[in-house]
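Novice: I'd like to ask you about the structure that follows.
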Amino acid sequence: MFYLSYPVKVFATSGSENLAQQICRELEKRLPPSVLQNSPSLFSNIQSVRFSNDNLQVQVDNVRGYFVVIVHTQVQSVNDHLIELFALLDAVINARPADVLLVFPYMPYSRSDRKNQPRISTMGHRIPQIISQSFGIKRVLLLDPHDSHIKHYFEPTADEISSIYLFANYIQNNIISGNLLKNDDKNDYVIVFADAGAAKRFSNLAYYLRLPVAYIDKERPDNTETGYFKKVVGDVLNKNCILIDDEILTGGTVLGDANILREHGAKSIYMAATHAILSSLKEPDDAVIQKLELSSIDQFIVSDSVPVEHKIKNSHKFTVLSVAPLLAEAISRLVQNESITYLHDPSNINLYT
């Protein structure tokens, strides 16, 4: 119960401020009065100075005795913001907080954790080591990491939550139920996992929605972002396909997925992905969005785990679900030293919708 007496202060690195402020508004509804009374302003800006030699210095407000929450999600430039995170962690730790919780709505380098080629770096494994060992951070919260095993790279193991039931709730209420009014039948729907990894990560979605499943069997002969599309496993003929993956990056993979589903007779395609990076080294972001906008995919459902609304503001195909209530519910529980197991139960979705 000691945590109930700690005031709370929330910081965010550049690019993560909007989401952090939304989280704070949700925290105000969830934290007990004993915490809020001692925390008149939950969100606090950081002061960053970049010197002539391009070195960075971060300064924070007084946090002595505070439970500090730091929000950092993947935004461009990823590497600059990662150094900013390290500087922020250093500044906070030097100021003697009572405790620190690092929140990753989308952890940078989370896809770079396997040595699948000779002599390559695995920063997805190294960054958690730096955070745990060099900075001594013991509390880390991950939202839909690329692979669940990433949480084990932190010491102790990071907490993990998923937006899967947030998406399931939207799909049920706005796609399936909405189309049933148009004489569509629920038997006409199928969950399609973008690959075997997505099938493993999001298998509960199909169970929750009581829908049949299919997946796209892919072979990736090299380390490219697209891959070789092999075949569709499962029945998608004349079906409304709800395609699931954890990320949309350049759009190449999802467009390939849509093409093969259409070739197998899919009637319509909805794409749901937690993390909407929507960026490519080969073309501007506007071109990526336009390519997806002109595709055969009927609707994209994504979250705001990374800043996205400024990219899709002129798009008619994108729906953005807020993960701020989900993150706030988890943070509130961790601030009070309570379990977040409730958030893995679909019957508790009302806690964050």
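By order of appearance in the structure tokens: chains A, B, ..., then residues from 1 within every chain, and ligands from 1 in the order shown.
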So that I can see what lies close to Asp345 (chain A), please list as JSON, numbers by chain the residues with an atom at most 12 Å from it, counting only C-alpha atoms and leaving out residues fewer than 3 positions away in the same chain.

Specialist: {"A": [161, 162, 163, 164, 165, 166, 204, 205, 208, 340, 341, 342, 348, 349, 350, 351, 352]}

Novice: Any idea what's packed within 6 Å of region 4-13 of chain A, counting only C-alpha atoms, ignoring anything in its chain fewer than 3 positions away? Could you give it as a PyMOL selection string?

Specialist: chain A and resi 1+16-17+35+38-39+42-44+66-72+336

Novice: Let's have the selection written as a short mmCIF file (atom, residue, chain, number, x, y, z; two decimals), in the first residue's frame, with all heavy atoms.

Specialist:
data_model
loop_
_atom_site.label_atom_id
_atom_site.label_comp_id
_atom_site.auth_asym_id
_atom_site.auth_seq_id
_atom_site.Cartn_x
_atom_site.Cartn_y
_atom_site.Cartn_z
N MET A 1 0.81 -1.21 0.00
CA MET A 1 0.00 0.00 0.00
C MET A 1 0.85 1.27 0.00
O MET A 1 0.35 2.37 -0.08
CB MET A 1 -0.93 0.01 1.21
CG MET A 1 -1.92 -1.13 1.21
SD MET A 1 -3.05 -1.05 -0.21
CE MET A 1 -3.97 0.41 0.22
N SER A 16 6.29 11.45 -28.45
CA SER A 16 5.39 10.62 -27.63
C SER A 16 4.52 11.47 -26.71
O SER A 16 3.72 10.92 -25.94
CB SER A 16 6.21 9.64 -26.78
OG SER A 16 7.01 8.79 -27.59
N GLU A 17 4.66 12.80 -26.79
CA GLU A 17 3.96 13.67 -25.85
C GLU A 17 2.44 13.59 -25.96
O GLU A 17 1.74 13.56 -24.94
CB GLU A 17 4.39 15.14 -26.03
CG GLU A 17 5.88 15.38 -25.90
CD GLU A 17 6.55 15.50 -27.26
OE1 GLU A 17 6.03 14.85 -28.22
OE2 GLU A 17 7.53 16.23 -27.36
N VAL A 35 -3.47 9.77 -4.44
CA VAL A 35 -2.37 10.01 -5.38
C VAL A 35 -2.58 11.33 -6.10
O VAL A 35 -1.66 12.14 -6.22
CB VAL A 35 -2.26 8.84 -6.39
CG1 VAL A 35 -1.26 9.19 -7.50
CG2 VAL A 35 -1.86 7.56 -5.69
N ASN A 38 -1.71 14.66 -4.38
CA ASN A 38 -0.28 14.96 -4.31
C ASN A 38 0.34 15.12 -5.69
O ASN A 38 1.55 15.33 -5.79
CB ASN A 38 0.45 13.86 -3.55
CG ASN A 38 0.04 13.78 -2.10
OD1 ASN A 38 -0.18 14.81 -1.46
ND2 ASN A 38 -0.10 12.57 -1.58
N SER A 39 -0.48 15.01 -6.73
CA SER A 39 0.03 15.10 -8.11
C SER A 39 -0.83 16.11 -8.87
O SER A 39 -1.64 15.74 -9.72
CB SER A 39 -0.04 13.73 -8.79
OG SER A 39 0.51 12.71 -7.99
N LEU A 42 -0.13 15.84 -13.63
CA LEU A 42 0.50 14.56 -13.91
C LEU A 42 1.58 14.67 -14.98
O LEU A 42 2.68 14.13 -14.83
CB LEU A 42 -0.56 13.54 -14.35
CG LEU A 42 -1.53 13.05 -13.29
CD1 LEU A 42 -2.56 12.11 -13.91
CD2 LEU A 42 -0.79 12.34 -12.16
N PHE A 43 1.26 15.37 -16.07
CA PHE A 43 2.22 15.44 -17.18
C PHE A 43 3.20 16.58 -16.97
O PHE A 43 2.82 17.69 -16.57
CB PHE A 43 1.49 15.64 -18.51
CG PHE A 43 2.42 15.66 -19.69
CD1 PHE A 43 2.96 14.49 -20.19
CD2 PHE A 43 2.76 16.86 -20.29
CE1 PHE A 43 3.82 14.51 -21.28
CE2 PHE A 43 3.63 16.89 -21.38
CZ PHE A 43 4.16 15.71 -21.88
N SER A 44 4.46 16.31 -17.27
CA SER A 44 5.50 17.32 -17.11
C SER A 44 6.41 17.29 -18.33
O SER A 44 6.87 16.22 -18.74
CB SER A 44 6.31 17.06 -15.84
OG SER A 44 7.28 18.07 -15.66
N TYR A 66 8.81 10.71 -6.13
CA TYR A 66 7.70 10.49 -7.05
C TYR A 66 7.75 9.10 -7.67
O TYR A 66 8.82 8.49 -7.81
CB TYR A 66 7.75 11.51 -8.20
CG TYR A 66 7.15 12.86 -7.88
CD1 TYR A 66 7.83 13.78 -7.08
CD2 TYR A 66 5.91 13.23 -8.41
CE1 TYR A 66 7.29 15.02 -6.80
CE2 TYR A 66 5.37 14.48 -8.14
CZ TYR A 66 6.06 15.36 -7.34
OH TYR A 66 5.53 16.60 -7.07
N PHE A 67 6.58 8.61 -8.05
CA PHE A 67 6.50 7.47 -8.95
C PHE A 67 6.50 8.06 -10.36
O PHE A 67 5.55 8.69 -10.77
CB PHE A 67 5.22 6.66 -8.70
CG PHE A 67 5.21 5.33 -9.41
CD1 PHE A 67 5.26 4.15 -8.69
CD2 PHE A 67 5.16 5.26 -10.79
CE1 PHE A 67 5.25 2.92 -9.34
CE2 PHE A 67 5.15 4.03 -11.45
CZ PHE A 67 5.21 2.87 -10.72
N VAL A 68 7.59 7.86 -11.08
CA VAL A 68 7.78 8.47 -12.39
C VAL A 68 7.39 7.48 -13.49
O VAL A 68 7.83 6.32 -13.48
CB VAL A 68 9.24 8.92 -12.59
CG1 VAL A 68 9.46 9.40 -14.02
CG2 VAL A 68 9.57 10.03 -11.60
N VAL A 69 6.57 7.94 -14.40
CA VAL A 69 6.19 7.16 -15.58
C VAL A 69 6.79 7.84 -16.81
O VAL A 69 6.62 9.04 -17.00
CB VAL A 69 4.65 7.08 -15.73
CG1 VAL A 69 4.28 6.27 -16.99
CG2 VAL A 69 4.03 6.47 -14.49
N ILE A 70 7.51 7.06 -17.61
CA ILE A 70 8.13 7.58 -18.83
C ILE A 70 7.52 6.86 -20.02
O ILE A 70 7.53 5.63 -20.08
CB ILE A 70 9.65 7.39 -18.80
CG1 ILE A 70 10.27 8.22 -17.68
CG2 ILE A 70 10.27 7.77 -20.15
CD1 ILE A 70 11.76 8.00 -17.50
N VAL A 71 6.98 7.63 -20.96
CA VAL A 71 6.35 7.07 -22.16
C VAL A 71 7.28 7.30 -23.35
O VAL A 71 7.67 8.44 -23.62
CB VAL A 71 4.98 7.73 -22.42
CG1 VAL A 71 4.34 7.16 -23.69
CG2 VAL A 71 4.06 7.53 -21.22
N HIS A 72 7.61 6.23 -24.01
CA HIS A 72 8.49 6.33 -25.19
C HIS A 72 8.00 5.33 -26.24
O HIS A 72 8.00 4.13 -26.02
CB HIS A 72 9.93 6.00 -24.83
CG HIS A 72 10.86 6.02 -26.01
ND1 HIS A 72 11.44 7.17 -26.49
CD2 HIS A 72 11.29 5.01 -26.83
CE1 HIS A 72 12.20 6.88 -27.55
NE2 HIS A 72 12.12 5.58 -27.77
N GLN A 336 -0.22 1.41 -8.28
CA GLN A 336 -0.77 0.95 -7.00
C GLN A 336 -0.28 -0.45 -6.62
O GLN A 336 -0.78 -1.05 -5.68
CB GLN A 336 -2.30 0.97 -7.08
CG GLN A 336 -2.87 2.36 -7.33
CD GLN A 336 -4.36 2.34 -7.52
OE1 GLN A 336 -5.11 2.16 -6.56
NE2 GLN A 336 -4.81 2.52 -8.76
#

Novice: Hey, what does DSSP flag as strand (DSSP E or B) within region 22-186 of chain A? Can you give it to me as a PyMOL selection string?

Specialist: chain A and resi 43+47-50+56-59+67-71+99-104+139-143+159-161

Novice: Rank A:Ser203, A:Asn238, A:Gln59, A:Ser34 by their smallest atom-to-atom distance to Gly265 (chain A), using only C-alpha atoms, and report the top residue only.

Specialist: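 Checking each candidate against Gly265 (chain A), we get A:Asn238 as the closest.
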
Novice: Please tabulate, as CSV, the residues of region 154-205 of chain A that come within 12 Å of region 283-302 of chain A, each with its closest pair of atoms and the distance in Å to one decimal, counting only C-alpha atoms and ordering rows by chain, then residue number upward.

Specialist:
residue,atom,partner,partner_atom,distance
A:Ser163,CA,A:Val302,CA,10.2
A:Ile164,CA,A:Val302,CA,11.1
A:Leu166,CA,A:Val302,CA,10.5
A:Phe167,CA,A:Ile301,CA,7.9
A:Ala168,CA,A:Ile301,CA,10.7
A:Asn169,CA,A:Ile301,CA,11.8
A:Tyr170,CA,A:Ile301,CA,8.8
A:Ile171,CA,A:Ile301,CA,8.9
A:Asn174,CA,A:Ile301,CA,10.9
A:Ile175,CA,A:Gln299,CA,9.8

Novice: Just to confirm, what's the straight-line distance from CA of Leu101 (chain A) to CA of Arg333 (chain A) in Å (one decimal)?

Specialist: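 Interatomic distance here is 11.6 Å.
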
Novice: Write out as a Markdown table a residue-level contact list of region 249-313 of chain A versus region 134-153 of chain A with cut-off 12 Å: for each qualifying residue the closest pair of atoms and the distance in Å to one decimal, counting only C-alpha atoms, rows sorted by chain and residue number upward.

Specialist:
| residue | atom | partner | partner_atom | distance |
| --- | --- | --- | --- | --- |
| A:Ala273 | CA | A:Asp144 | CA | 10.2 |
| A:Thr274 | CA | A:Asp144 | CA | 7.4 |
| A:His275 | CA | A:Asp144 | CA | 8.5 |
| A:Ser303 | CA | A:Asp144 | CA | 11.0 |
| A:Asp304 | CA | A:Leu143 | CA | 11.4 |
| A:Ser305 | CA | A:Leu143 | CA | 8.1 |
| A:Val306 | CA | A:Leu143 | CA | 11.1 |

Novice: For a quick check of understanding, using only C-alpha atoms, which of A:Ile331, A:Cys241, A:Leu19, A:Ala206 has the smallest distance to Tyr189 (chain A)?

Specialist: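 The closest residue to Tyr189 (chain A) is A:Cys241.
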
Novice: Residues within 12 Å of Asn55 (chain A), please, as a PyMOL selection string. Count only C-alpha atoms; anything in the same chain fewer than 4 positions from it doesn't count.

Specialist: chain A and resi 48-51+80+83-84+87

Novice: Compile the contact shell of Asp188 (chain A) as a ChimeraX atom specification: residues with an atom at most 10 Å away, counting only C-alpha atoms, same-chain residues fewer than 4 positions apart removed.

Specialist: /A:176,184,211-212,236-241,267

Novice: Which parts of region 83-119 of chain A does DSSP call alpha helix (DSSP H) when run on the backbone here, written out as a ChimeraX atom specification?

Specialist: /A:83-94

Novice: Compare A:Gln117, A:Ala272, A:Ser279, A:Lys231 by their minimum atom-to-atom distance to Gly251 (chain A), counting only C-alpha atoms, and give me the closest one.

Specialist: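 When distances to Gly251 (chain A) are compared using only C-alpha atoms, the smallest one comes from A:Ser279.
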
Novice: Could you work out how far CA of Asn79 (chain A) lies from CA of Val100 (chain A), giving the answer in Å with one decimal?

Specialist: 22.2 Å
